[in-house]
>>> print(open('start.cif').read())   # mmCIF, C-alpha atoms and all ligand atoms
data_coords
#
loop_
_atom_site.label_atom_id
_atom_site.label_comp_id
_atom_site.auth_asym_id
_atom_site.auth_seq_id
_atom_site.Cartn_x
_atom_site.Cartn_y
_atom_site.Cartn_z
CA MET A 1 -47.28 231.66 -90.86
CA LYS A 2 -47.29 235.30 -91.79
CA ILE A 3 -50.70 237.02 -91.89
CA GLU A 4 -51.02 238.56 -95.36
CA ARG A 5 -54.56 239.90 -95.64
CA ILE A 6 -57.84 240.14 -93.72
CA GLU A 7 -61.21 240.82 -95.36
CA THR A 8 -64.67 241.21 -93.86
CA ALA A 9 -68.22 241.16 -95.19
CA TYR A 10 -71.41 242.37 -93.50
CA TYR A 11 -74.82 240.69 -93.66
CA ARG A 12 -78.16 241.48 -92.05
CA LEU A 13 -80.05 238.20 -91.63
CA PRO A 14 -83.79 238.37 -91.05
CA LEU A 15 -85.27 236.62 -88.02
CA GLU A 16 -88.80 235.52 -87.37
CA ALA A 17 -89.99 238.24 -84.91
CA VAL A 18 -88.80 236.98 -81.54
CA GLY A 19 -87.88 238.49 -78.21
CA ASP A 20 -86.87 238.24 -74.58
CA ALA A 21 -87.20 240.30 -71.42
CA GLY A 22 -83.80 241.98 -71.62
CA HIS A 23 -83.26 242.69 -75.31
CA GLY A 24 -86.86 243.33 -76.37
CA LEU A 25 -88.17 242.40 -79.80
CA LEU A 26 -85.58 241.19 -82.29
CA ASP A 27 -86.09 241.04 -86.05
CA SER A 28 -82.58 240.61 -87.47
CA GLU A 29 -79.12 239.35 -86.73
CA GLU A 30 -75.94 240.96 -88.03
CA LEU A 31 -73.30 238.55 -89.29
CA ILE A 32 -69.76 239.69 -90.09
CA THR A 33 -67.66 237.09 -91.84
CA LEU A 34 -63.87 237.30 -91.91
CA ARG A 35 -61.26 235.72 -94.14
CA LEU A 36 -57.65 235.62 -93.06
CA HIS A 37 -54.97 234.76 -95.60
CA ALA A 38 -51.61 233.34 -94.53
CA GLU A 39 -49.06 231.53 -96.67
CA GLY A 40 -51.50 230.04 -99.13
CA LEU A 41 -54.15 229.17 -96.54
CA GLU A 42 -57.50 230.91 -96.23
CA ALA A 43 -58.97 230.72 -92.72
CA HIS A 44 -62.52 231.72 -91.82
CA GLY A 45 -63.84 233.57 -88.80
CA TYR A 46 -67.06 235.37 -87.95
CA THR A 47 -68.83 237.44 -85.38
CA TYR A 48 -72.48 238.33 -84.86
CA THR A 49 -74.78 240.74 -83.06
CA ILE A 50 -78.50 240.56 -82.34
CA GLY A 51 -79.22 243.48 -84.65
CA LYS A 52 -77.24 246.44 -83.30
CA GLY A 53 -73.57 247.41 -83.29
CA GLY A 54 -72.38 245.26 -86.18
CA ARG A 55 -71.22 248.15 -88.36
CA ALA A 56 -69.00 249.41 -85.56
CA VAL A 57 -67.63 245.91 -84.95
CA GLN A 58 -66.76 245.57 -88.64
CA ALA A 59 -65.10 249.01 -88.62
CA VAL A 60 -62.95 248.05 -85.62
CA ILE A 61 -61.77 244.91 -87.44
CA ASP A 62 -61.10 246.72 -90.74
CA HIS A 63 -59.56 249.93 -89.40
CA ASP A 64 -57.97 248.95 -86.09
CA LEU A 65 -57.25 245.21 -85.99
CA ALA A 66 -56.40 244.25 -89.59
CA PRO A 67 -53.62 246.87 -89.93
CA ILE A 68 -51.85 245.69 -86.76
CA LEU A 69 -52.25 241.99 -87.66
CA VAL A 70 -51.02 242.02 -91.25
CA GLY A 71 -47.35 241.03 -91.27
CA GLN A 72 -47.58 239.32 -87.85
CA ASP A 73 -46.71 235.67 -87.25
CA ALA A 74 -49.98 233.77 -86.67
CA ASN A 75 -48.40 230.94 -84.67
CA ASP A 76 -48.93 232.28 -81.14
CA ILE A 77 -52.67 232.97 -80.86
CA GLN A 78 -52.51 234.05 -77.21
CA ARG A 79 -49.87 236.66 -78.08
CA LEU A 80 -52.08 238.05 -80.86
CA TRP A 81 -55.14 238.00 -78.58
CA ASN A 82 -53.20 239.96 -75.96
CA MET A 83 -52.03 242.42 -78.61
CA MET A 84 -55.58 243.02 -79.88
CA TRP A 85 -56.89 243.42 -76.32
CA GLN A 86 -54.07 245.83 -75.44
CA ARG A 87 -54.42 248.00 -78.55
CA LEU A 88 -58.17 248.38 -77.95
CA LEU A 89 -57.83 248.77 -74.19
CA TYR A 90 -58.89 252.41 -74.00
CA VAL A 91 -62.20 251.86 -75.81
CA GLY A 92 -62.48 248.16 -75.13
CA ARG A 93 -62.09 245.92 -72.06
CA GLY A 94 -65.08 244.03 -73.43
CA GLY A 95 -68.12 245.42 -75.21
CA LEU A 96 -67.94 245.81 -78.99
CA ALA A 97 -64.18 245.24 -78.93
CA ALA A 98 -64.73 241.67 -77.70
CA PHE A 99 -66.94 240.94 -80.72
CA ALA A 100 -64.28 242.29 -83.10
CA ILE A 101 -61.43 240.36 -81.44
CA ALA A 102 -63.57 237.21 -81.56
CA ALA A 103 -63.89 237.27 -85.37
CA VAL A 104 -60.10 237.35 -85.77
CA ASP A 105 -59.51 234.82 -82.99
CA VAL A 106 -61.90 232.29 -84.60
CA ALA A 107 -60.02 232.66 -87.91
CA LEU A 108 -56.65 232.19 -86.16
CA TRP A 109 -57.82 228.90 -84.62
CA ASP A 110 -59.23 227.82 -87.98
CA LEU A 111 -55.86 228.60 -89.56
CA HIS A 112 -54.07 226.39 -87.04
CA GLY A 113 -56.47 223.55 -87.76
CA LEU A 114 -55.92 223.91 -91.51
CA ARG A 115 -52.16 223.95 -91.03
CA ASP A 116 -52.06 220.94 -88.69
CA GLN A 117 -54.93 219.15 -90.50
CA LYS A 118 -56.74 218.75 -87.18
CA PRO A 119 -60.27 219.60 -86.07
CA LEU A 120 -60.62 222.35 -83.50
CA TYR A 121 -61.27 220.05 -80.52
CA ALA A 122 -58.01 218.20 -81.21
CA LEU A 123 -56.10 221.49 -81.09
CA PHE A 124 -57.38 221.82 -77.50
CA GLY A 125 -56.05 218.35 -76.71
CA ALA A 126 -59.64 217.13 -76.28
CA GLU A 127 -61.51 214.12 -77.62
CA ALA A 128 -64.77 214.36 -79.56
CA ARG A 129 -67.85 213.37 -77.62
CA ASP A 130 -71.63 213.34 -77.83
CA ILE A 131 -72.96 216.40 -76.05
CA PRO A 132 -76.60 216.61 -74.95
CA ALA A 133 -78.35 219.55 -76.62
CA TYR A 134 -81.37 221.46 -75.37
CA GLY A 135 -84.02 223.19 -77.45
CA SER A 136 -83.99 226.94 -76.99
CA GLY A 137 -86.47 229.43 -78.40
CA VAL A 138 -86.52 233.20 -78.04
CA ASP A 139 -90.10 232.90 -77.09
CA LEU A 140 -91.23 235.47 -74.53
CA PRO A 141 -93.74 237.11 -76.93
CA LYS A 142 -95.15 233.77 -78.11
CA SER A 143 -98.66 232.82 -77.03
CA LEU A 144 -98.92 229.88 -74.66
CA ASP A 145 -100.23 227.76 -77.54
CA ASP A 146 -97.25 228.62 -79.73
CA LEU A 147 -94.86 228.06 -76.83
CA LEU A 148 -96.27 224.55 -76.37
CA LYS A 149 -96.07 223.88 -80.12
CA GLN A 150 -92.42 224.90 -80.06
CA THR A 151 -91.85 222.60 -77.07
CA GLU A 152 -93.44 219.72 -78.96
CA SER A 153 -91.11 220.32 -81.88
CA PHE A 154 -88.12 220.20 -79.49
CA MET A 155 -89.36 216.92 -78.06
CA ALA A 156 -89.81 215.51 -81.56
CA ARG A 157 -86.10 216.18 -82.15
CA GLY A 158 -85.28 214.17 -79.03
CA PHE A 159 -83.74 216.98 -76.98
CA PRO A 160 -83.24 215.89 -73.37
CA GLY A 161 -83.81 219.49 -72.21
CA VAL A 162 -85.81 222.58 -73.18
CA LYS A 163 -85.57 226.24 -72.16
CA VAL A 164 -88.29 228.83 -71.70
CA LYS A 165 -87.88 232.60 -71.59
CA ILE A 166 -89.32 234.28 -68.51
CA GLY A 167 -89.79 237.92 -67.54
CA ARG A 168 -93.45 238.65 -68.25
CA ILE A 169 -94.63 241.64 -66.19
CA ASP A 170 -97.19 239.52 -64.36
CA PRO A 171 -95.40 236.73 -62.44
CA GLN A 172 -98.47 234.51 -62.76
CA GLU A 173 -98.02 234.46 -66.53
CA ASP A 174 -94.46 233.15 -66.15
CA GLU A 175 -95.69 230.52 -63.71
CA ALA A 176 -98.50 229.44 -66.04
CA ARG A 177 -96.13 229.16 -69.02
CA VAL A 178 -93.35 227.33 -67.17
CA GLY A 179 -95.93 225.07 -65.47
CA ALA A 180 -97.60 224.22 -68.78
CA VAL A 181 -94.26 223.34 -70.38
CA ARG A 182 -93.32 221.16 -67.39
CA LYS A 183 -96.65 219.37 -67.64
CA LEU A 184 -96.13 218.76 -71.37
CA ILE A 185 -92.55 217.45 -71.12
CA GLY A 186 -93.08 215.43 -67.94
CA PRO A 187 -90.51 214.91 -65.19
CA GLY A 188 -87.92 213.16 -67.42
CA VAL A 189 -86.89 216.18 -69.51
CA ASP A 190 -84.74 218.97 -68.07
CA LEU A 191 -86.31 222.44 -67.99
CA MET A 192 -84.30 225.67 -67.90
CA VAL A 193 -85.54 229.26 -67.62
CA ASP A 194 -83.88 232.46 -68.87
CA ALA A 195 -84.70 235.98 -67.60
CA ASN A 196 -82.21 237.84 -69.85
CA MET A 197 -81.07 240.20 -67.05
CA THR A 198 -84.45 241.84 -66.61
CA TRP A 199 -84.80 241.96 -62.82
CA THR A 200 -83.15 243.48 -59.75
CA THR A 201 -81.67 240.96 -57.34
CA GLU A 202 -84.70 241.27 -55.04
CA GLN A 203 -87.13 240.68 -57.89
CA ALA A 204 -85.03 237.82 -59.21
CA LEU A 205 -85.06 236.20 -55.79
CA GLU A 206 -88.82 236.43 -55.49
CA ARG A 207 -89.44 235.23 -59.05
CA GLY A 208 -86.95 232.41 -58.65
CA ARG A 209 -88.67 231.17 -55.49
CA ARG A 210 -92.03 231.16 -57.26
CA LEU A 211 -90.64 229.06 -60.10
CA GLU A 212 -88.61 226.53 -58.12
CA GLN A 213 -91.72 224.34 -57.71
CA PHE A 214 -91.30 223.31 -61.38
CA GLY A 215 -88.03 221.47 -60.78
CA LEU A 216 -85.76 223.71 -62.86
CA TYR A 217 -82.37 222.64 -64.14
CA TRP A 218 -81.03 226.20 -64.14
CA TYR A 219 -82.05 229.86 -63.82
CA GLU A 220 -80.23 231.94 -66.43
CA GLU A 221 -79.21 235.62 -66.28
CA PRO A 222 -81.60 236.58 -63.46
CA THR A 223 -80.13 240.09 -63.14
CA ILE A 224 -77.59 242.39 -64.80
CA PRO A 225 -74.08 240.97 -65.40
CA GLU A 226 -72.47 243.91 -63.56
CA ASP A 227 -74.06 242.68 -60.32
CA VAL A 228 -71.69 239.89 -59.36
CA LYS A 229 -72.65 240.07 -55.68
CA GLY A 230 -76.34 239.85 -56.59
CA HIS A 231 -75.71 236.65 -58.53
CA ALA A 232 -73.67 235.27 -55.62
CA ARG A 233 -76.58 235.93 -53.30
CA LEU A 234 -79.05 234.26 -55.67
CA ALA A 235 -76.73 231.26 -55.98
CA GLN A 236 -76.64 230.98 -52.21
CA GLU A 237 -80.30 231.54 -51.45
CA LEU A 238 -82.04 229.65 -54.25
CA ASP A 239 -82.03 225.89 -54.78
CA VAL A 240 -82.03 226.24 -58.57
CA PRO A 241 -78.49 226.65 -60.02
CA ILE A 242 -77.61 230.07 -61.49
CA ALA A 243 -76.35 230.06 -65.11
CA ILE A 244 -74.49 232.96 -66.73
CA GLY A 245 -71.86 233.66 -69.36
CA GLU A 246 -73.29 234.94 -72.66
CA SER A 247 -73.04 238.57 -71.48
CA LEU A 248 -69.51 238.27 -70.08
CA HIS A 249 -67.05 239.79 -72.52
CA SER A 250 -63.63 238.74 -71.23
CA PRO A 251 -61.85 236.11 -69.10
CA HIS A 252 -61.53 238.83 -66.43
CA GLU A 253 -65.32 239.03 -66.12
CA PHE A 254 -65.61 235.25 -65.83
CA GLN A 255 -62.89 235.24 -63.17
CA ARG A 256 -64.89 237.60 -60.94
CA TYR A 257 -67.96 235.37 -61.18
CA VAL A 258 -66.01 232.21 -60.39
CA ASP A 259 -64.10 233.86 -57.51
CA GLU A 260 -67.32 235.17 -55.92
CA GLY A 261 -69.24 231.88 -56.24
CA ALA A 262 -71.74 233.77 -58.42
CA VAL A 263 -72.12 231.17 -61.18
CA GLU A 264 -73.07 227.49 -60.94
CA VAL A 265 -73.46 226.65 -64.64
CA LEU A 266 -70.82 228.56 -66.62
CA GLN A 267 -71.99 229.28 -70.17
CA ILE A 268 -69.61 230.12 -72.97
CA ASP A 269 -70.18 232.00 -76.22
CA PRO A 270 -66.89 232.23 -78.17
CA ILE A 271 -68.11 235.37 -79.96
CA THR A 272 -69.49 237.48 -77.09
CA ASN A 273 -66.76 236.25 -74.71
CA GLY A 274 -64.01 237.66 -76.98
CA GLY A 275 -63.03 234.59 -78.98
CA ILE A 276 -62.30 230.88 -78.69
CA THR A 277 -59.20 231.79 -76.67
CA ALA A 278 -61.35 233.61 -74.09
CA SER A 279 -64.03 230.91 -73.86
CA LEU A 280 -61.38 228.22 -73.43
CA LYS A 281 -60.00 230.14 -70.45
CA ALA A 282 -63.48 230.41 -68.96
CA LEU A 283 -63.94 226.63 -69.31
CA GLN A 284 -60.61 226.05 -67.58
CA MET A 285 -61.80 228.25 -64.69
CA ALA A 286 -64.98 226.16 -64.51
CA ASP A 287 -62.95 222.94 -64.38
CA ALA A 288 -60.73 224.32 -61.63
CA ALA A 289 -63.81 225.34 -59.60
CA GLY A 290 -65.74 222.11 -60.32
CA LEU A 291 -68.57 223.89 -62.17
CA LYS A 292 -70.94 222.57 -64.78
CA THR A 293 -70.64 224.16 -68.22
CA SER A 294 -72.87 224.89 -71.18
CA SER A 295 -72.99 227.17 -74.21
CA HIS A 296 -74.91 230.04 -75.72
CA TYR A 297 -75.71 230.12 -79.45
CA THR A 298 -72.43 229.44 -81.43
CA ASP A 299 -73.67 225.83 -81.73
CA GLU A 300 -70.84 224.70 -84.03
CA LEU A 301 -67.84 226.22 -82.23
CA SER A 302 -69.28 225.29 -78.85
CA ALA A 303 -69.47 221.59 -79.78
CA HIS A 304 -65.66 221.70 -80.03
CA LEU A 305 -65.16 223.83 -76.94
CA LEU A 306 -67.47 221.80 -74.69
CA SER A 307 -65.59 218.65 -75.73
CA ALA A 308 -62.66 220.20 -73.83
CA SER A 309 -64.72 220.80 -70.67
CA ARG A 310 -64.80 218.25 -67.86
CA ASN A 311 -68.41 218.76 -66.85
CA ALA A 312 -70.22 219.96 -70.00
CA VAL A 313 -73.89 219.31 -69.33
CA TYR A 314 -75.61 220.86 -72.34
CA LEU A 315 -75.08 222.63 -75.65
CA GLU A 316 -77.73 225.19 -76.54
CA LYS A 317 -79.42 224.38 -79.85
CA HIS A 318 -80.57 227.88 -80.57
CA ALA A 319 -83.63 229.16 -82.41
CA PHE A 320 -81.43 231.48 -84.49
CA ALA A 321 -79.05 228.66 -85.44
CA LEU A 322 -76.92 229.59 -88.47
CA ASP A 323 -77.79 226.22 -90.05
CA PRO A 324 -79.59 227.71 -93.11
CA TYR A 325 -76.42 229.64 -94.00
CA LEU A 326 -73.86 226.86 -93.53
CA GLN A 327 -72.51 224.45 -96.12
CA GLU A 328 -72.71 221.71 -93.49
CA PRO A 329 -75.43 222.38 -90.92
CA GLN A 330 -74.83 220.88 -87.51
CA ARG A 331 -76.39 217.44 -87.11
CA VAL A 332 -78.53 216.62 -84.13
CA VAL A 333 -78.83 212.89 -83.47
CA ASN A 334 -81.11 211.72 -80.65
CA GLY A 335 -80.89 215.18 -79.12
CA HIS A 336 -77.08 215.14 -79.09
CA VAL A 337 -74.41 216.88 -81.17
CA ARG A 338 -70.75 216.16 -81.90
CA PRO A 339 -67.92 218.44 -83.05
CA THR A 340 -67.02 218.30 -86.76
CA GLU A 341 -64.07 216.16 -87.90
CA VAL A 342 -62.73 218.31 -90.76
CA PRO A 343 -59.62 220.45 -90.19
CA GLY A 344 -60.25 223.75 -88.39
CA THR A 345 -63.57 224.97 -87.07
CA GLY A 346 -65.55 223.07 -89.72
CA MET A 347 -67.68 226.19 -90.28
CA ARG A 348 -68.02 227.32 -93.87
CA PHE A 349 -70.79 229.69 -94.84
CA ASP A 350 -72.88 229.01 -97.92
CA GLU A 351 -72.18 232.11 -100.00
CA SER A 352 -75.28 231.73 -102.14
CA ALA A 353 -77.53 231.49 -99.06
CA LEU A 354 -75.92 234.61 -97.58
CA ALA A 355 -75.75 236.66 -100.80
CA PRO A 356 -79.26 238.18 -100.65
CA TYR A 357 -78.46 239.66 -97.22
CA ARG A 358 -75.11 241.25 -98.01
CA ASP A 359 -75.02 244.95 -97.30
CA ARG A 360 -72.17 247.12 -98.50
MG MG B 1 -79.68 233.40 -72.48
#
>>> encode(input="start.cif", output="structure tokens")
Amino acid sequence: MKIERIETAYYRLPLEAVGDAGHGLLDSEELITLRLHAEGLEAHGYTYTIGKGGRAVQAVIDHDLAPILVGQDANDIQRLWNMMWQRLLYVGRGGLAAFAIAAVDVALWDLHGLRDQKPLYALFGAEARDIPAYGSGVDLPKSLDDLLKQTESFMARGFPGVKVKIGRIDPQEDEARVGAVRKLIGPGVDLMVDANMTWTTEQALERGRRLEQFGLYWYEEPTIPEDVKGHARLAQELDVPIAIGESLHSPHEFQRYVDEGAVEVLQIDPITNGGITASLKALQMADAAGLKTSSHYTDELSAHLLSASRNAVYLEKHAFALDPYLQEPQRVVNGHVRPTEVPGTGMRFDESALAPYRDR
């Protein structure tokens, strides 16, 4: 299958004002859609940012990746992934380059599904399964009342788990918020917390100890992703499992975490990780090390990927879910999701829903 043409489009999607401790206040998401044409097939990919960097990502795809991909045989995705990684090596090794590679990589997997008439999970050799989903808000700025209202809405959807953002300056505020959510959901629902990289290891240790009384399912991104040793120490010293993965931008970064025992719940995001190919590798590392796995955002692609993971515990059902912009929004049944059954990724954007947000 010869790659004939690649086109991108840029959208800025508004968000309800939300925020977390690491990324601050967020008011928009950038979405870059990609169409890849090969021998009569049109495959779809995409990438996203949380409001910054999207123009550069689109430029890397249009000016650096598309010209080297057109004319290539699309059959060996790993070869093309390696080629993209290698050609961007000097400015890449992760970062923005990973987001650009991901858009192409998603389209390449979609293309294979269209050609073979198989859904994505089947291309991995996996079987579809029901995956528990947890409700996830980007809720650090929310008042306690609004946080509890959000939690109630998650419970109404039957989610077996909910996550709360932490990282308020005053540790007592975090404790009050996490404690109030625990009281509301009772002992039978799993509760995760997410610090979005805001603390030093020492601070993360102290904050983690204060919060362990609430019976947490995991403690996500307690400190910066560069500090592998810090995460390893937290994993060793705290009872609550350490979760990380959304800020790791290559299989190499995942490998360091797994080798150092610095991650206990490995989380994939097939966009930020550098593509489906990269996230699949990370899941294989988790299987080899006997780790639990979960996902960040990317609800639709992750339902396929987690079906290929031995110990997938949760899919994140995210507050920014792309559902309003999809032809077929992901279905949540009794707090669980399943991968789609149509050929390819199953993700098709609703052009009319996106149109008002297109920016040229
Ligand atoms: Mg997170």
>>> residues_around(input="start.cif", residues="Ala66 (chain A)", least_positions_apart="4", cutoff="12 Å", atoms="all atoms listed in the file", output="PDB file with C-alpha atoms, keeping the file's coordinate frame")
ATOM      1  CA  ILE A   3     -50.700 237.020 -91.890  1.00  0.00           C
ATOM      2  CA  GLU A   4     -51.020 238.560 -95.360  1.00  0.00           C
ATOM      3  CA  ARG A   5     -54.560 239.900 -95.640  1.00  0.00           C
ATOM      4  CA  ILE A   6     -57.840 240.140 -93.720  1.00  0.00           C
ATOM      5  CA  GLU A   7     -61.210 240.820 -95.360  1.00  0.00           C
ATOM      6  CA  THR A   8     -64.670 241.210 -93.860  1.00  0.00           C
ATOM      7  CA  LEU A  34     -63.870 237.300 -91.910  1.00  0.00           C
ATOM      8  CA  ARG A  35     -61.260 235.720 -94.140  1.00  0.00           C
ATOM      9  CA  LEU A  36     -57.650 235.620 -93.060  1.00  0.00           C
ATOM     10  CA  HIS A  37     -54.970 234.760 -95.600  1.00  0.00           C
ATOM     11  CA  GLN A  58     -66.760 245.570 -88.640  1.00  0.00           C
ATOM     12  CA  ALA A  59     -65.100 249.010 -88.620  1.00  0.00           C
ATOM     13  CA  VAL A  60     -62.950 248.050 -85.620  1.00  0.00           C
ATOM     14  CA  ILE A  61     -61.770 244.910 -87.440  1.00  0.00           C
ATOM     15  CA  ASP A  62     -61.100 246.720 -90.740  1.00  0.00           C
ATOM     16  CA  VAL A  70     -51.020 242.020 -91.250  1.00  0.00           C
ATOM     17  CA  GLY A  71     -47.350 241.030 -91.270  1.00  0.00           C
ATOM     18  CA  GLN A  72     -47.580 239.320 -87.850  1.00  0.00           C
ATOM     19  CA  LEU A  80     -52.080 238.050 -80.860  1.00  0.00           C
ATOM     20  CA  MET A  83     -52.030 242.420 -78.610  1.00  0.00           C
ATOM     21  CA  MET A  84     -55.580 243.020 -79.880  1.00  0.00           C
ATOM     22  CA  ARG A  87     -54.420 248.000 -78.550  1.00  0.00           C
ATOM     23  CA  ALA A 100     -64.280 242.290 -83.100  1.00  0.00           C
ATOM     24  CA  ILE A 101     -61.430 240.360 -81.440  1.00  0.00           C
ATOM     25  CA  ALA A 103     -63.890 237.270 -85.370  1.00  0.00           C
ATOM     26  CA  VAL A 104     -60.100 237.350 -85.770  1.00  0.00           C
ATOM     27  CA  ASP A 105     -59.510 234.820 -82.990  1.00  0.00           C
TER      28      ASP A 105
END
>>> residues_near_ligand(input="start.cif", ligand="ligand MG 1 (chain B)", cutoff="7 Å", atoms="only C-alpha atoms and all ligand atoms", output="list in words")
Asp194, Asn196, Glu220, Glu221, Glu246 and His296 of chain A
>>> write_last_selection(input="start.cif", atoms="C-alpha atoms", output="mmCIF file, in the coordinates of the input")
data_model
loop_
_atom_site.group_PDB
_atom_site.id
_atom_site.type_symbol
_atom_site.label_atom_id
_atom_site.label_comp_id
_atom_site.auth_asym_id
_atom_site.auth_seq_id
_atom_site.Cartn_x
_atom_site.Cartn_y
_atom_site.Cartn_z
ATOM 1 C CA ASP A 194 -83.880 232.460 -68.870
ATOM 2 C CA ASN A 196 -82.210 237.840 -69.850
ATOM 3 C CA GLU A 220 -80.230 231.940 -66.430
ATOM 4 C CA GLU A 221 -79.210 235.620 -66.280
ATOM 5 C CA GLU A 246 -73.290 234.940 -72.660
ATOM 6 C CA HIS A 296 -74.910 230.040 -75.720
#
>>> closest_residue(input="start.cif", among="A:Glu212, A:Asp116, A:Glu316, A:Glu175", to="Ala133 (chain A)", atoms="only C-alpha atoms")
A:Glu316
>>> residues_around(input="start.cif", residues="Lys163 (chain A)", least_positions_apart="6", cutoff="7 Å", atoms="only C-alpha atoms", output="number ranges by chain")
A: 135-136, 191-193
>>> closest_residue(input="start.cif", among="A:Gln172, A:Thr47, A:Gln86, A:Thr33", to="Thr298 (chain A)", atoms="all atoms listed in the file")
A:Thr47
>>> residues_around(input="start.cif", residues="Gly275 (chain A)", least_positions_apart="3", cutoff="10 Å", atoms="only C-alpha atoms", output="PyMOL selection string")
chain A and resi 45-47+81+98-109+249-250+268-272+278-280
>>> residues_around(input="start.cif", residues="Gly186 (chain A)", least_positions_apart="3", cutoff="12 Å", atoms="all atoms listed in the file", output="ChimeraX atom specification")
/A:151-152,155,160-162,178-183,189-191,214-215
>>> axis_aligned_box(input="start.cif", around="region 155-172 of chain A", padding_each_side="6 Å", output="lines of an AutoDock Vina configuration file")
center_x = -90.9
center_y = 227.9
center_z = -72.3
size_x = 27.2
size_y = 39.5
size_z = 31.7
>>> residues_around(input="start.cif", residues="Leu238 (chain A)", least_positions_apart="3", cutoff="7 Å", atoms="all atoms listed in the file", output="JSON, numbers by chain")
{"A": [209, 234, 235]}
>>> write_last_selection(input="start.cif", atoms="C-alpha atoms", output="short mmCIF file (atom, residue, chain, number, x, y, z; two decimals), in the frame of the given file")
data_model
loop_
_atom_site.label_atom_id
_atom_site.label_comp_id
_atom_site.auth_asym_id
_atom_site.auth_seq_id
_atom_site.Cartn_x
_atom_site.Cartn_y
_atom_site.Cartn_z
CA ARG A 209 -88.67 231.17 -55.49
CA LEU A 234 -79.05 234.26 -55.67
CA ALA A 235 -76.73 231.26 -55.98
#
>>> atom_distance(input="start.cif", atom1="CA of Pro329 (chain A)", atom2="CA of Gly22 (chain A)")
28.8 Å
>>> closest_residue(input="start.cif", among="A:Ala43, A:Leu69, A:Ser247, A:Ala38", to="Leu96 (chain A)", atoms="all atoms listed in the file")
A:Ser247
>>> closest_residue(input="start.cif", among="A:Glu328, A:Asp146, A:Glu264, A:Glu127", to="Gly290 (chain A)", atoms="all atoms listed in the file")
A:Glu264
>>> closest_residue(input="start.cif", among="A:Leu184, A:Arg310, A:Ile68, A:Tyr10", to="Trp85 (chain A)", atoms="all atoms listed in the file")
A:Ile68
>>> closest_residue(input="start.cif", among="A:Ile32, A:Leu248, A:Gln330, A:Tyr297", to="Val57 (chain A)", atoms="all atoms listed in the file")
A:Ile32
>>> atom_distance(input="start.cif", atom1="CA of Val333 (chain A)", atom2="CA of Phe154 (chain A)")
12.5 Å
>>> atom_distance(input="start.cif", atom1="CA of Ala319 (chain A)", atom2="CA of Ala56 (chain A)")
25.2 Å
>>> residues_near_point(input="start.cif", point="(-58.8, 229.0, -65.9)", cutoff="12 Å", atoms="all atoms listed in the file", output="count of residues only")
24
>>> build_atoms(input="start.cif", residues="region 41-53 of chain A", atoms="N, CA and C atoms", output="mmCIF file, in the frame of the given file")
data_model
loop_
_atom_site.group_PDB
_atom_site.id
_atom_site.type_symbol
_atom_site.label_atom_id
_atom_site.label_comp_id
_atom_site.auth_asym_id
_atom_site.auth_seq_id
_atom_site.Cartn_x
_atom_site.Cartn_y
_atom_site.Cartn_z
ATOM 1 N N LEU A 41 -52.949 229.672 -97.203
ATOM 2 C CA LEU A 41 -54.150 229.170 -96.540
ATOM 3 C C LEU A 41 -55.164 230.300 -96.388
ATOM 4 N N GLU A 42 -56.448 229.920 -96.471
ATOM 5 C CA GLU A 42 -57.500 230.910 -96.230
ATOM 6 C C GLU A 42 -58.341 230.411 -95.051
ATOM 7 N N ALA A 43 -58.244 231.110 -93.922
ATOM 8 C CA ALA A 43 -58.970 230.720 -92.720
ATOM 9 C C ALA A 43 -60.214 231.594 -92.574
ATOM 10 N N HIS A 44 -61.245 231.008 -91.948
ATOM 11 C CA HIS A 44 -62.520 231.720 -91.820
ATOM 12 C C HIS A 44 -62.863 232.000 -90.362
ATOM 13 N N GLY A 45 -63.326 233.214 -90.115
ATOM 14 C CA GLY A 45 -63.840 233.570 -88.800
ATOM 15 C C GLY A 45 -65.156 234.297 -88.970
ATOM 16 N N TYR A 46 -65.824 234.570 -87.873
ATOM 17 C CA TYR A 46 -67.060 235.370 -87.950
ATOM 18 C C TYR A 46 -67.358 235.955 -86.597
ATOM 19 N N THR A 47 -68.271 236.925 -86.615
ATOM 20 C CA THR A 47 -68.830 237.440 -85.380
ATOM 21 C C THR A 47 -70.283 237.799 -85.672
ATOM 22 N N TYR A 48 -71.062 238.022 -84.634
ATOM 23 C CA TYR A 48 -72.480 238.330 -84.860
ATOM 24 C C TYR A 48 -72.961 239.306 -83.791
ATOM 25 N N THR A 49 -74.072 239.977 -84.093
ATOM 26 C CA THR A 49 -74.780 240.740 -83.060
ATOM 27 C C THR A 49 -76.258 240.375 -83.191
ATOM 28 N N ILE A 50 -77.066 240.819 -82.224
ATOM 29 C CA ILE A 50 -78.500 240.560 -82.340
ATOM 30 C C ILE A 50 -79.204 241.792 -82.909
ATOM 31 N N GLY A 51 -78.539 242.442 -83.873
ATOM 32 C CA GLY A 51 -79.220 243.480 -84.650
ATOM 33 C C GLY A 51 -78.647 244.880 -84.523
ATOM 34 N N LYS A 52 -77.812 245.111 -83.499
ATOM 35 C CA LYS A 52 -77.240 246.440 -83.300
ATOM 36 C C LYS A 52 -75.729 246.341 -83.055
ATOM 37 N N GLY A 53 -74.999 247.316 -83.595
ATOM 38 C CA GLY A 53 -73.570 247.410 -83.290
ATOM 39 C C GLY A 53 -72.647 246.766 -84.312
#
